[in-house]
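Visitor: So I've got this file, data_33.txt, and it contains compact mmCIF, C-alpha atoms:
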```txt
# COMPACT_ATOMS: atom_id res chain seq x y z
CA MET C 533 121.28 -93.17 85.98
CA ARG C 534 122.25 -95.48 88.83
CA PHE C 535 120.02 -97.14 91.45
CA THR C 536 119.50 -100.26 93.56
CA VAL C 537 116.09 -101.96 93.57
CA ASP C 538 114.38 -104.92 95.19
CA THR C 539 114.45 -107.61 92.47
CA THR C 540 111.00 -109.01 93.25
CA GLU C 541 109.42 -105.57 93.13
CA LEU C 542 111.21 -104.77 89.88
CA ASN C 543 110.03 -108.02 88.33
CA ALA C 544 106.41 -107.32 89.34
CA ALA C 545 106.51 -103.78 87.96
CA VAL C 546 108.07 -104.85 84.66
CA ALA C 547 105.51 -107.65 84.27
CA THR C 548 102.71 -105.13 84.80
CA VAL C 549 103.85 -102.44 82.36
CA SER C 550 104.89 -104.96 79.71
CA LYS C 551 101.23 -105.73 79.05
CA ALA C 552 101.20 -102.51 76.99
CA LEU C 553 104.52 -103.12 75.27
CA GLY C 554 104.45 -102.40 71.55
CA VAL C 555 104.91 -105.52 69.41
CA ARG C 556 106.43 -105.15 65.93
CA SER C 557 105.60 -101.46 66.16
CA SER C 558 106.20 -99.13 63.24
CA VAL C 559 107.76 -96.89 65.90
CA GLY C 560 110.63 -99.08 67.06
CA ILE C 561 111.28 -97.31 70.35
CA LEU C 562 107.81 -98.30 71.57
CA GLU C 563 109.08 -101.88 71.77
CA GLY C 564 111.11 -100.64 74.75
CA ILE C 565 110.39 -99.87 78.40
CA TYR C 566 110.82 -96.24 79.44
CA ALA C 567 112.67 -96.01 82.76
CA GLU C 568 113.19 -92.80 84.73
CA ALA C 569 114.92 -92.57 88.12
CA ILE C 570 114.24 -89.34 90.02
CA GLY C 571 114.21 -88.52 93.74
CA ASP C 572 113.62 -91.92 95.37
CA THR C 573 111.26 -93.26 92.69
CA LEU C 574 111.68 -95.36 89.57
CA LEU C 575 109.02 -94.83 86.88
CA LEU C 576 108.49 -97.58 84.30
CA ARG C 577 106.22 -97.03 81.29
CA CYS C 578 105.10 -98.98 78.22
CA THR C 579 102.71 -97.87 75.49
CA ASP C 580 101.55 -98.76 72.01
CA LEU C 581 99.79 -95.34 71.82
CA SER C 582 96.35 -96.85 72.35
CA LEU C 583 97.11 -98.33 75.78
CA GLN C 584 99.70 -97.11 78.29
CA ILE C 585 100.68 -98.65 81.63
CA GLU C 586 102.92 -97.00 84.21
CA ALA C 587 104.30 -98.32 87.48
CA THR C 588 106.35 -96.58 90.15
CA LEU C 589 108.41 -98.15 92.93
CA ASN C 590 110.69 -96.88 95.65
CA VAL C 591 114.38 -97.41 94.92
CA ASP C 592 117.74 -96.27 96.26
CA ILE C 593 118.93 -93.78 93.65
CA GLN C 594 122.57 -92.76 93.49
CA LYS C 595 122.25 -90.90 90.18
CA GLN C 596 119.14 -89.64 88.46
CA GLY C 597 118.42 -90.19 84.78
CA ALA C 598 116.27 -91.90 82.17
CA CYS C 599 116.63 -94.34 79.29
CA VAL C 600 114.61 -96.77 77.19
CA LEU C 601 115.31 -100.44 77.92
CA PRO C 602 114.96 -103.20 75.29
CA GLY C 603 111.50 -104.43 76.30
CA ARG C 604 111.40 -108.15 75.58
CA LEU C 605 115.02 -108.84 76.55
CA PHE C 606 114.88 -106.84 79.78
CA SER C 607 111.56 -108.46 80.80
CA GLU C 608 112.95 -111.95 80.35
CA LEU C 609 116.19 -111.12 82.14
CA VAL C 610 114.48 -109.59 85.19
CA ARG C 611 112.49 -112.79 85.75
CA ARG C 612 115.77 -114.72 86.08
CA LEU C 613 117.88 -112.40 88.25
CA PRO C 614 119.35 -114.39 91.17
CA ALA C 615 119.80 -111.89 94.02
CA GLU C 616 117.31 -110.12 96.27
CA GLU C 617 118.62 -106.73 95.14
CA THR C 618 119.74 -105.56 91.72
CA LEU C 619 121.94 -102.61 90.72
CA LEU C 620 121.18 -100.88 87.42
CA SER C 621 123.55 -98.28 86.02
CA ALA C 622 123.21 -96.53 82.64
CA ASP C 623 126.00 -94.58 81.03
CA LYS C 624 125.23 -93.06 77.65
CA ASN C 625 123.81 -95.94 75.57
CA THR C 626 124.87 -98.87 77.79
CA LEU C 627 123.05 -100.34 80.79
CA LEU C 628 124.88 -102.43 83.40
CA ILE C 629 122.79 -104.88 85.45
CA GLU C 630 124.38 -106.51 88.52
CA SER C 631 122.45 -109.06 90.61
CA GLY C 632 124.52 -111.27 92.88
CA ARG C 633 127.16 -112.90 90.74
CA ALA C 634 125.25 -112.19 87.52
CA THR C 635 126.38 -109.25 85.39
CA THR C 636 124.75 -108.18 82.11
CA THR C 637 125.23 -105.22 79.81
CA MET C 638 122.77 -104.18 77.11
CA GLN C 639 122.28 -101.30 74.74
CA VAL C 640 119.59 -98.74 75.62
CA GLU C 641 118.01 -95.84 73.73
CA ASN C 642 117.72 -92.15 74.49
CA ALA C 643 114.71 -91.34 76.67
CA LYS C 644 114.14 -88.09 74.76
CA ASP C 645 113.08 -90.12 71.72
CA TYR C 646 110.32 -91.99 73.58
CA ILE C 647 106.69 -91.17 72.71
CA SER C 648 104.04 -91.24 75.43
CA MET C 649 100.29 -90.82 75.43
CA PRO C 650 99.06 -87.41 76.60
CA ASP C 651 98.30 -86.73 80.24
CA VAL C 652 94.63 -87.19 81.13
CA ASN C 653 92.99 -83.96 82.23
CA ARG C 654 90.94 -84.61 85.33
CA GLU C 655 87.68 -83.37 83.83
CA PHE C 656 85.57 -86.14 85.34
CA SER C 657 86.36 -88.89 87.84
CA ILE C 658 84.74 -91.66 89.85
CA ALA C 659 85.87 -93.72 92.82
CA ILE C 660 85.24 -97.47 92.79
CA SER C 661 86.76 -100.48 94.53
CA LYS C 662 89.18 -102.74 92.69
CA ALA C 663 86.95 -105.77 93.28
CA ALA C 664 83.82 -104.04 91.96
CA LEU C 665 85.52 -102.81 88.78
CA LYS C 666 87.16 -106.19 88.13
CA ASN C 667 83.83 -107.95 88.60
CA MET C 668 81.99 -105.53 86.32
CA ILE C 669 84.49 -106.10 83.54
CA ARG C 670 84.34 -109.90 83.95
CA GLN C 671 80.55 -109.93 83.84
CA CYS C 672 80.28 -107.67 80.79
CA ILE C 673 83.26 -107.90 78.45
CA PHE C 674 82.40 -111.33 77.01
CA ALA C 675 79.50 -109.79 75.08
CA THR C 676 81.65 -107.41 73.03
CA ALA C 677 81.82 -108.03 69.28
CA GLN C 678 84.73 -110.07 67.93
CA ASP C 679 84.71 -108.68 64.38
CA ASP C 680 85.02 -105.23 62.84
CA SER C 681 81.67 -105.08 61.02
CA LYS C 682 80.63 -102.45 63.61
CA PRO C 683 83.87 -101.26 65.21
CA ILE C 684 82.14 -99.41 68.05
CA LEU C 685 80.87 -102.77 69.34
CA ARG C 686 84.48 -103.81 70.00
CA GLY C 687 84.18 -101.48 72.98
CA VAL C 688 82.16 -101.24 76.19
CA LEU C 689 79.85 -98.30 76.83
CA ILE C 690 80.35 -96.57 80.19
CA GLU C 691 77.37 -94.56 81.46
CA LEU C 692 77.93 -92.36 84.51
CA ALA C 693 75.01 -90.60 86.18
CA ASP C 694 73.17 -90.28 89.49
CA GLY C 695 75.86 -91.98 91.56
CA LYS C 696 75.95 -95.09 89.36
CA MET C 697 78.20 -96.51 86.67
CA SER C 698 76.82 -98.88 84.06
CA MET C 699 78.84 -100.97 81.59
CA VAL C 700 77.08 -102.12 78.43
CA ALA C 701 78.38 -104.53 75.78
CA LEU C 702 76.58 -106.16 72.86
CA ASP C 703 77.50 -108.07 69.74
CA GLY C 704 74.19 -108.39 67.89
CA TYR C 705 73.23 -111.68 69.58
CA ARG C 706 73.36 -110.81 73.27
CA LEU C 707 73.64 -107.78 75.50
CA ALA C 708 75.32 -107.50 78.90
CA MET C 709 74.78 -104.65 81.34
CA ARG C 710 76.34 -104.26 84.80
CA THR C 711 75.61 -101.46 87.24
CA GLU C 712 77.42 -100.38 90.41
CA ALA C 713 77.07 -97.49 92.84
CA VAL C 714 80.12 -95.20 92.60
CA THR C 715 81.30 -91.85 93.91
CA VAL C 716 80.95 -89.50 90.95
CA SER C 717 82.78 -86.20 90.55
CA GLY C 718 81.19 -84.30 87.68
CA ALA C 719 78.03 -84.25 85.58
CA ALA C 720 76.60 -87.23 83.68
CA LYS C 721 78.98 -88.70 81.10
CA ASN C 722 79.13 -91.48 78.50
CA ALA C 723 82.29 -93.00 77.02
CA VAL C 724 83.25 -96.13 75.06
CA ILE C 725 86.37 -97.98 76.23
CA PRO C 726 88.02 -100.55 73.93
CA ALA C 727 87.54 -104.11 75.17
CA ARG C 728 91.28 -104.74 74.96
CA GLY C 729 91.98 -101.89 77.38
CA LEU C 730 89.40 -103.15 79.85
CA LEU C 731 90.76 -106.67 79.62
CA GLU C 732 94.26 -105.50 80.54
CA ILE C 733 92.84 -103.40 83.37
CA SER C 734 91.02 -106.44 84.79
CA ARG C 735 94.22 -108.51 84.66
CA ILE C 736 96.03 -105.96 86.80
CA LEU C 737 93.25 -105.42 89.35
CA ASP C 738 93.02 -107.64 92.42
CA ASP C 739 89.91 -108.59 94.41
CA SER C 740 90.47 -106.15 97.26
CA ASP C 741 88.08 -103.45 98.46
CA GLU C 742 90.77 -100.78 97.99
CA MET C 743 89.33 -97.72 96.27
CA ILE C 744 90.79 -96.48 92.99
CA ASN C 745 89.95 -93.63 90.62
CA MET C 746 88.79 -93.69 87.02
CA VAL C 747 89.63 -90.33 85.47
CA PHE C 748 88.05 -89.29 82.16
CA SER C 749 89.03 -86.65 79.63
CA ALA C 750 87.39 -86.08 76.25
CA THR C 751 89.64 -88.65 74.57
CA HIS C 752 91.14 -90.91 77.26
CA VAL C 753 90.44 -92.67 80.54
CA MET C 754 93.01 -93.31 83.26
CA ILE C 755 92.76 -95.93 85.99
CA ASP C 756 94.76 -94.50 88.89
CA MET C 757 95.79 -97.16 91.43
CA GLY C 758 98.49 -95.13 93.11
CA HIS C 759 101.70 -96.97 92.15
CA THR C 760 100.12 -98.16 88.89
CA ARG C 761 98.32 -96.09 86.28
CA ILE C 762 96.64 -97.36 83.11
CA ILE C 763 95.64 -95.03 80.29
CA THR C 764 93.57 -96.11 77.30
CA ARG C 765 92.21 -94.15 74.40
CA LEU C 766 88.42 -93.82 74.19
CA MET C 767 86.68 -94.97 71.01
CA ASP C 768 85.19 -92.48 68.56
CA GLY C 769 81.60 -92.74 67.38
CA GLU C 770 78.17 -93.18 68.88
CA PHE C 771 77.30 -96.42 70.63
CA ILE C 772 74.18 -98.36 69.63
CA ARG C 773 71.02 -96.95 71.20
CA TYR C 774 70.50 -100.18 73.07
CA ARG C 775 67.62 -99.08 75.27
CA GLN C 776 65.32 -99.19 72.23
CA ILE C 777 65.67 -102.99 72.10
CA LEU C 778 65.06 -103.70 75.80
CA PRO C 779 61.64 -105.32 76.42
CA ASP C 780 59.36 -103.31 78.70
CA SER C 781 57.13 -106.25 79.72
CA HIS C 782 56.98 -110.05 79.76
CA THR C 783 54.38 -112.82 79.65
CA THR C 784 56.53 -115.55 81.21
CA HIS C 785 58.64 -115.14 84.35
CA VAL C 786 60.88 -117.94 85.60
CA ARG C 787 63.00 -118.34 88.74
CA VAL C 788 65.64 -121.06 88.44
CA ASN C 789 68.75 -122.33 90.19
CA ARG C 790 71.63 -120.91 88.16
CA THR C 791 74.09 -123.77 88.64
CA GLU C 792 71.53 -126.48 87.87
CA LEU C 793 70.46 -124.68 84.70
CA LEU C 794 74.07 -124.08 83.59
CA ASP C 795 75.13 -127.68 84.18
CA SER C 796 72.12 -129.01 82.26
CA ILE C 797 72.72 -126.68 79.31
CA GLU C 798 76.36 -127.68 79.10
CA ARG C 799 75.56 -131.40 79.12
CA VAL C 800 72.81 -131.08 76.52
CA SER C 801 75.00 -128.83 74.38
CA LEU C 802 77.43 -131.72 73.88
CA MET C 803 74.79 -133.29 71.64
CA ALA C 804 73.83 -129.91 70.17
CA ARG C 805 77.38 -129.43 68.90
CA GLU C 806 77.09 -132.64 66.89
CA SER C 807 74.36 -130.96 64.82
CA LYS C 808 76.80 -128.12 63.95
CA LYS C 809 74.25 -125.58 65.16
CA ASN C 810 74.82 -125.69 68.93
CA HIS C 811 71.13 -124.92 69.47
CA VAL C 812 69.25 -126.14 72.54
CA LYS C 813 65.49 -126.00 73.03
CA PHE C 814 63.84 -124.92 76.28
CA SER C 815 60.25 -125.95 77.04
CA PHE C 816 59.04 -123.97 80.04
CA GLU C 817 56.04 -125.42 81.84
CA ASP C 818 54.59 -125.11 85.31
CA GLY C 819 57.24 -126.43 87.70
CA GLN C 820 59.92 -127.45 85.19
CA VAL C 821 61.90 -126.64 82.08
CA THR C 822 62.83 -129.41 79.66
CA ILE C 823 66.09 -128.79 77.80
CA THR C 824 66.66 -130.82 74.63
CA ALA C 825 69.02 -131.12 71.70
CA ASN C 826 68.96 -133.39 68.64
CA SER C 827 71.62 -134.34 66.13
CA GLU C 828 72.21 -136.94 63.46
CA ILE C 829 73.76 -139.30 66.02
CA GLY C 830 71.35 -138.97 68.94
CA ALA C 831 69.32 -136.82 71.32
CA SER C 832 69.74 -135.41 74.81
CA LYS C 833 67.18 -134.23 77.36
CA GLU C 834 67.33 -132.78 80.87
CA ILE C 835 64.68 -131.50 83.27
CA VAL C 836 65.29 -128.68 85.77
CA ASN C 837 62.83 -127.57 88.44
CA ILE C 838 61.68 -123.95 88.18
CA ASP C 839 59.19 -121.50 89.60
CA ARG C 840 57.15 -120.15 86.70
CA MET C 841 54.56 -117.42 86.43
CA GLY C 842 52.68 -116.77 83.19
CA SER C 843 52.44 -118.74 79.95
CA ASP C 844 54.15 -121.93 78.82
CA ILE C 845 56.74 -121.26 76.13
CA ASP C 846 59.03 -123.23 73.81
CA ILE C 847 62.13 -121.28 72.85
CA ALA C 848 65.61 -122.15 71.52
CA PHE C 849 69.02 -120.52 72.01
CA ASN C 850 72.61 -120.87 70.97
CA ALA C 851 73.90 -122.86 73.94
CA LYS C 852 77.13 -120.90 74.22
CA TYR C 853 75.39 -117.54 74.43
CA PHE C 854 73.24 -118.73 77.32
CA SER C 855 76.11 -120.48 79.11
CA ASP C 856 78.36 -117.42 78.81
CA VAL C 857 75.87 -115.41 80.84
CA LEU C 858 75.31 -118.00 83.57
CA LYS C 859 79.05 -118.65 83.97
CA VAL C 860 79.90 -115.07 84.97
CA LEU C 861 77.15 -114.77 87.57
CA ASP C 862 77.47 -115.69 91.24
CA ASP C 863 73.83 -115.70 92.41
CA GLU C 864 72.27 -118.98 93.50
CA TYR C 865 69.04 -118.14 91.65
CA VAL C 866 68.36 -116.01 88.57
CA CYS C 867 65.18 -114.86 86.85
CA LEU C 868 64.29 -115.22 83.17
CA ASP C 869 61.68 -113.02 81.47
CA MET C 870 60.25 -113.92 78.04
CA ASN C 871 57.40 -112.97 75.72
CA THR C 872 57.49 -115.14 72.56
CA ASN C 873 59.85 -117.68 71.02
CA ILE C 874 61.20 -115.04 68.64
CA SER C 875 61.75 -112.24 71.17
CA PRO C 876 64.71 -111.90 73.54
CA CYS C 877 65.08 -113.60 76.90
CA VAL C 878 66.13 -111.33 79.76
CA VAL C 879 68.30 -112.68 82.59
CA LYS C 880 68.29 -110.61 85.76
CA PRO C 881 68.63 -110.96 89.56
CA GLU C 882 65.74 -111.78 91.86
CA THR C 883 65.96 -108.26 93.29
CA GLY C 884 67.76 -105.09 92.26
CA ASP C 885 69.33 -104.02 88.98
CA GLU C 886 72.98 -105.07 89.42
CA TYR C 887 72.94 -106.94 86.10
CA TYR C 888 70.76 -107.29 83.03
CA TYR C 889 71.42 -109.69 80.16
CA LEU C 890 69.50 -110.06 76.93
CA ILE C 891 69.86 -113.13 74.71
CA LEU C 892 68.31 -113.44 71.27
CA PRO C 893 66.65 -116.79 70.49
CA VAL C 894 67.00 -118.87 67.33
CA ARG C 895 63.93 -119.73 65.31
CA LEU C 896 62.20 -123.01 65.98
CA PHE C 897 61.15 -124.99 62.91
CA SER C 898 59.14 -128.16 62.57
CA GLY C 899 61.17 -131.07 63.91
CA ASN C 900 63.29 -128.97 66.31
```
Please express the file's structure as structure tokens.

Guide:
Amino acid sequence: MRFTVDTTELNAAVATVSKALGVRSSVGILEGIYAEAIGDTLLLRCTDLSLQIEATLNVDIQKQGACVLPGRLFSELVRRLPAEETLLSADKNTLLIESGRATTTMQVENAKDYISMPDVNREFSIAISKAALKNMIRQCIFATAQDDSKPILRGVLIELADGKMSMVALDGYRLAMRTEAVTVSGAAKNAVIPARGLLEISRILDDSDEMINMVFSATHVMIDMGHTRIITRLMDGEFIRYRQILPDSHTTHVRVNRTELLDSIERVSLMARESKKNHVKFSFEDGQVTITANSEIGASKEIVNIDRMGSDIDIAFNAKYFSDVLKVLDDEYVCLDMNTNISPCVVKPETGDEYYYLILPVRLFSGN
């Protein structure tokens, strides 16, 4: 294997695939980067067998071949190469790297010993823009569970039907749902993608309107971005039947400026944290909501103007759970729907169904 490559492009490709590099793997070769030079293309691949990232780039190939590069060492070296172009040449188990006046040799492994995830059969696919998918992940993934008490909740449910894709995440205290119109190829389908896989996907996506494909098989999903492909294993098991917990009516409807509400919650929560509970109380009345928190060392209160329809209500929430929702939204105004102080609060847009958040309250006791 022998080829010349643009150093900047090589560095970018290595940085991308290394996000799936195996760390302290029981299969040692997975701590390496698979490299294959064929035709005029260099393929780079990393996997830990639950997540796989591939990148291709155009290079000047003098001799075709493949090898497995030492992942961590090669990644660090590439970032420091001095010249605009770099020559890589592998002979048996030794790789020669020449960049300007810098020359390095390192041991490599046989490509035949490398283990990859299976190819994803194109049973079902959708087309969506990079920006839309990145935004959906950002506005949903924070609500996934952080512990293994219910492993399926460490993933995000994908529902595909009727030209729409919905992402649903919940952790027992809040629920996040995001919906986007997509171009669907195939019948309705549900799948659960691990949060870790989605997080790495979002880190690679940019905010452009370029269309990409999500390709589903029975066991895997592939994000095909042309020169970059990400494959992650789907989770086994049935997701929580979340629609059974969604309220179908409300007695109090509130329209409020999102930024004003978020800023007030975050200031009041400074006092709430001193009580070790991080609970803030909301008192919704005609024209305003009063947000309060008490602790052993003091009290804090803020008033935010609102438009309210329906009944007055006093209700309390974990400040972080409410702030997490408001932080990921971009709308100037949001709507809150409530029934009682022990039933969930729903956060949704003024119009449409682009997002839907459900936050469970905490119980109010005498003196709160």

Visitor: Please enclose the listed atoms of region 576-590 of chain C in an axis-aligned box, pad each side by 4 Å, and write out the centre and the three edge lengths in Å, rounded to one decimal, as JSON.

Guide:
```
{"center_x": 103.5, "center_y": -97.2, "center_z": 83.7, "size_x": 22.3, "size_y": 11.6, "size_z": 31.8}
```

Visitor: Of the candidates C:Asp768, C:Glu630, C:Glu641, C:Glu541, which shows the shortest atom-to-atom distance to Tyr566 (chain C), using only C-alpha atoms?

Guide: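 Using only C-alpha atoms, the shortest distance to Tyr566 (chain C) belongs to C:Glu641.
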
Visitor: Point out the residue among C:Ile763, C:Ala622, C:Ala675, C:Met533 with the least atom-to-atom distance to Thr579 (chain C), counting only C-alpha atoms.

Guide: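 So, comparing all the options, the nearest one is C:Ile763.
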
Visitor: Pick the closest to Tyr774 (chain C) from C:Ala708, C:Glu817, C:Ala727, C:Asn850: which is it, counting all atoms listed in the file?

Guide: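 The answer is C:Ala708, which sits nearest to Tyr774 (chain C).
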
Visitor: Pick out the closest residue to Leu553 (chain C) from this set: C:Glu732, C:Ile847, C:Ile660, C:Pro683. Count all atoms listed in the file.

Guide: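 Comparing C:Glu732, C:Ile847, C:Ile660, C:Pro683 against Leu553 (chain C), the winner is C:Glu732.
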
Visitor: Please check which residues have atoms at most 12 Å from (65.6, -101.8, 72.6) in the file's coordinates, counting only C-alpha atoms, and write them as a PDB file with C-alpha atoms, keeping the file's coordinate frame.

Guide:
```pdb
ATOM      1  CA  LEU C 702      76.580-106.160  72.860  1.00  0.00           C
ATOM      2  CA  GLY C 704      74.190-108.390  67.890  1.00  0.00           C
ATOM      3  CA  ARG C 706      73.360-110.810  73.270  1.00  0.00           C
ATOM      4  CA  LEU C 707      73.640-107.780  75.500  1.00  0.00           C
ATOM      5  CA  ILE C 772      74.180 -98.360  69.630  1.00  0.00           C
ATOM      6  CA  ARG C 773      71.020 -96.950  71.200  1.00  0.00           C
ATOM      7  CA  TYR C 774      70.500-100.180  73.070  1.00  0.00           C
ATOM      8  CA  ARG C 775      67.620 -99.080  75.270  1.00  0.00           C
ATOM      9  CA  GLN C 776      65.320 -99.190  72.230  1.00  0.00           C
ATOM     10  CA  ILE C 777      65.670-102.990  72.100  1.00  0.00           C
ATOM     11  CA  LEU C 778      65.060-103.700  75.800  1.00  0.00           C
ATOM     12  CA  PRO C 779      61.640-105.320  76.420  1.00  0.00           C
ATOM     13  CA  ASP C 780      59.360-103.310  78.700  1.00  0.00           C
ATOM     14  CA  SER C 781      57.130-106.250  79.720  1.00  0.00           C
ATOM     15  CA  SER C 875      61.750-112.240  71.170  1.00  0.00           C
ATOM     16  CA  PRO C 876      64.710-111.900  73.540  1.00  0.00           C
ATOM     17  CA  VAL C 878      66.130-111.330  79.760  1.00  0.00           C
ATOM     18  CA  LEU C 890      69.500-110.060  76.930  1.00  0.00           C
TER      19      LEU C 890
END
```

Visitor: The residues within 8 Å of (103.0, -95.0, 85.6), using only C-alpha atoms and the coordinates of the file, should be reported as a tab-separated table (two decimals) with C-alpha atoms, in the coordinates of the input; which are they?

Guide:
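File produced: selection_4.tsv:
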```
chain	number	residue	atom	x	y	z
C	575	LEU	CA	109.02	-94.83	86.88
C	576	LEU	CA	108.49	-97.58	84.30
C	577	ARG	CA	106.22	-97.03	81.29
C	585	ILE	CA	100.68	-98.65	81.63
C	586	GLU	CA	102.92	-97.00	84.21
C	587	ALA	CA	104.30	-98.32	87.48
C	588	THR	CA	106.35	-96.58	90.15
C	759	HIS	CA	101.70	-96.97	92.15
C	760	THR	CA	100.12	-98.16	88.89
C	761	ARG	CA	98.32	-96.09	86.28
C	762	ILE	CA	96.64	-97.36	83.11
```

Visitor: Nearest to Phe816 (chain C): which of C:Ala634, C:Leu794, C:Ile845, C:Val836 is it, counting only C-alpha atoms?

Guide: C:Ile845

Visitor: Could you work out how far CA of Lys662 (chain C) lies from CA of Tyr888 (chain C), giving the answer in Å with one decimal?

Guide: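 Distance between the two atoms: 21.3 Å.
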
Visitor: Pick from C:Ser631, C:Asn789, C:Thr711, C:Thr751: nearest to Gly884 (chain C), with all atoms listed in the file counted?

Guide: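 Smallest distance to Gly884 (chain C) is found for C:Thr711.
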
Visitor: For region 716-728 of chain C, supply N, CA and C atoms and report the output as an mmCIF file, keeping the file's coordinate frame.

Guide:
```
data_model
loop_
_atom_site.group_PDB
_atom_site.id
_atom_site.type_symbol
_atom_site.label_atom_id
_atom_site.label_comp_id
_atom_site.auth_asym_id
_atom_site.auth_seq_id
_atom_site.Cartn_x
_atom_site.Cartn_y
_atom_site.Cartn_z
ATOM 1 N N VAL C 716 80.772 -90.209 92.215
ATOM 2 C CA VAL C 716 80.950 -89.500 90.950
ATOM 3 C C VAL C 716 81.336 -88.054 91.204
ATOM 4 N N SER C 717 82.377 -87.609 90.494
ATOM 5 C CA SER C 717 82.780 -86.200 90.550
ATOM 6 C C SER C 717 82.582 -85.599 89.163
ATOM 7 N N GLY C 718 81.486 -84.894 88.974
ATOM 8 C CA GLY C 718 81.190 -84.300 87.680
ATOM 9 C C GLY C 718 79.774 -84.628 87.228
ATOM 10 N N ALA C 719 79.369 -84.031 86.116
ATOM 11 C CA ALA C 719 78.030 -84.250 85.580
ATOM 12 C C ALA C 719 77.978 -85.604 84.880
ATOM 13 N N ALA C 720 76.775 -85.965 84.377
ATOM 14 C CA ALA C 720 76.600 -87.230 83.680
ATOM 15 C C ALA C 720 77.549 -87.315 82.473
ATOM 16 N N LYS C 721 78.022 -88.518 82.183
ATOM 17 C CA LYS C 721 78.980 -88.700 81.100
ATOM 18 C C LYS C 721 78.864 -90.094 80.513
ATOM 19 N N ASN C 722 79.042 -90.193 79.192
ATOM 20 C CA ASN C 722 79.130 -91.480 78.500
ATOM 21 C C ASN C 722 80.477 -91.570 77.795
ATOM 22 N N ALA C 723 81.031 -92.761 77.733
ATOM 23 C CA ALA C 723 82.290 -93.000 77.020
ATOM 24 C C ALA C 723 82.334 -94.461 76.598
ATOM 25 N N VAL C 724 83.094 -94.756 75.538
ATOM 26 C CA VAL C 724 83.250 -96.130 75.060
ATOM 27 C C VAL C 724 84.723 -96.505 75.178
ATOM 28 N N ILE C 725 85.009 -97.527 75.996
ATOM 29 C CA ILE C 725 86.370 -97.980 76.230
ATOM 30 C C ILE C 725 86.625 -99.251 75.418
ATOM 31 N N PRO C 726 87.729 -99.328 74.689
ATOM 32 C CA PRO C 726 88.020 -100.550 73.930
ATOM 33 C C PRO C 726 88.081 -101.775 74.836
ATOM 34 N N ALA C 727 87.550 -102.893 74.364
ATOM 35 C CA ALA C 727 87.540 -104.110 75.170
ATOM 36 C C ALA C 727 88.946 -104.530 75.563
ATOM 37 N N ARG C 728 89.909 -104.342 74.655
ATOM 38 C CA ARG C 728 91.280 -104.740 74.960
ATOM 39 C C ARG C 728 91.810 -103.990 76.181
#
```
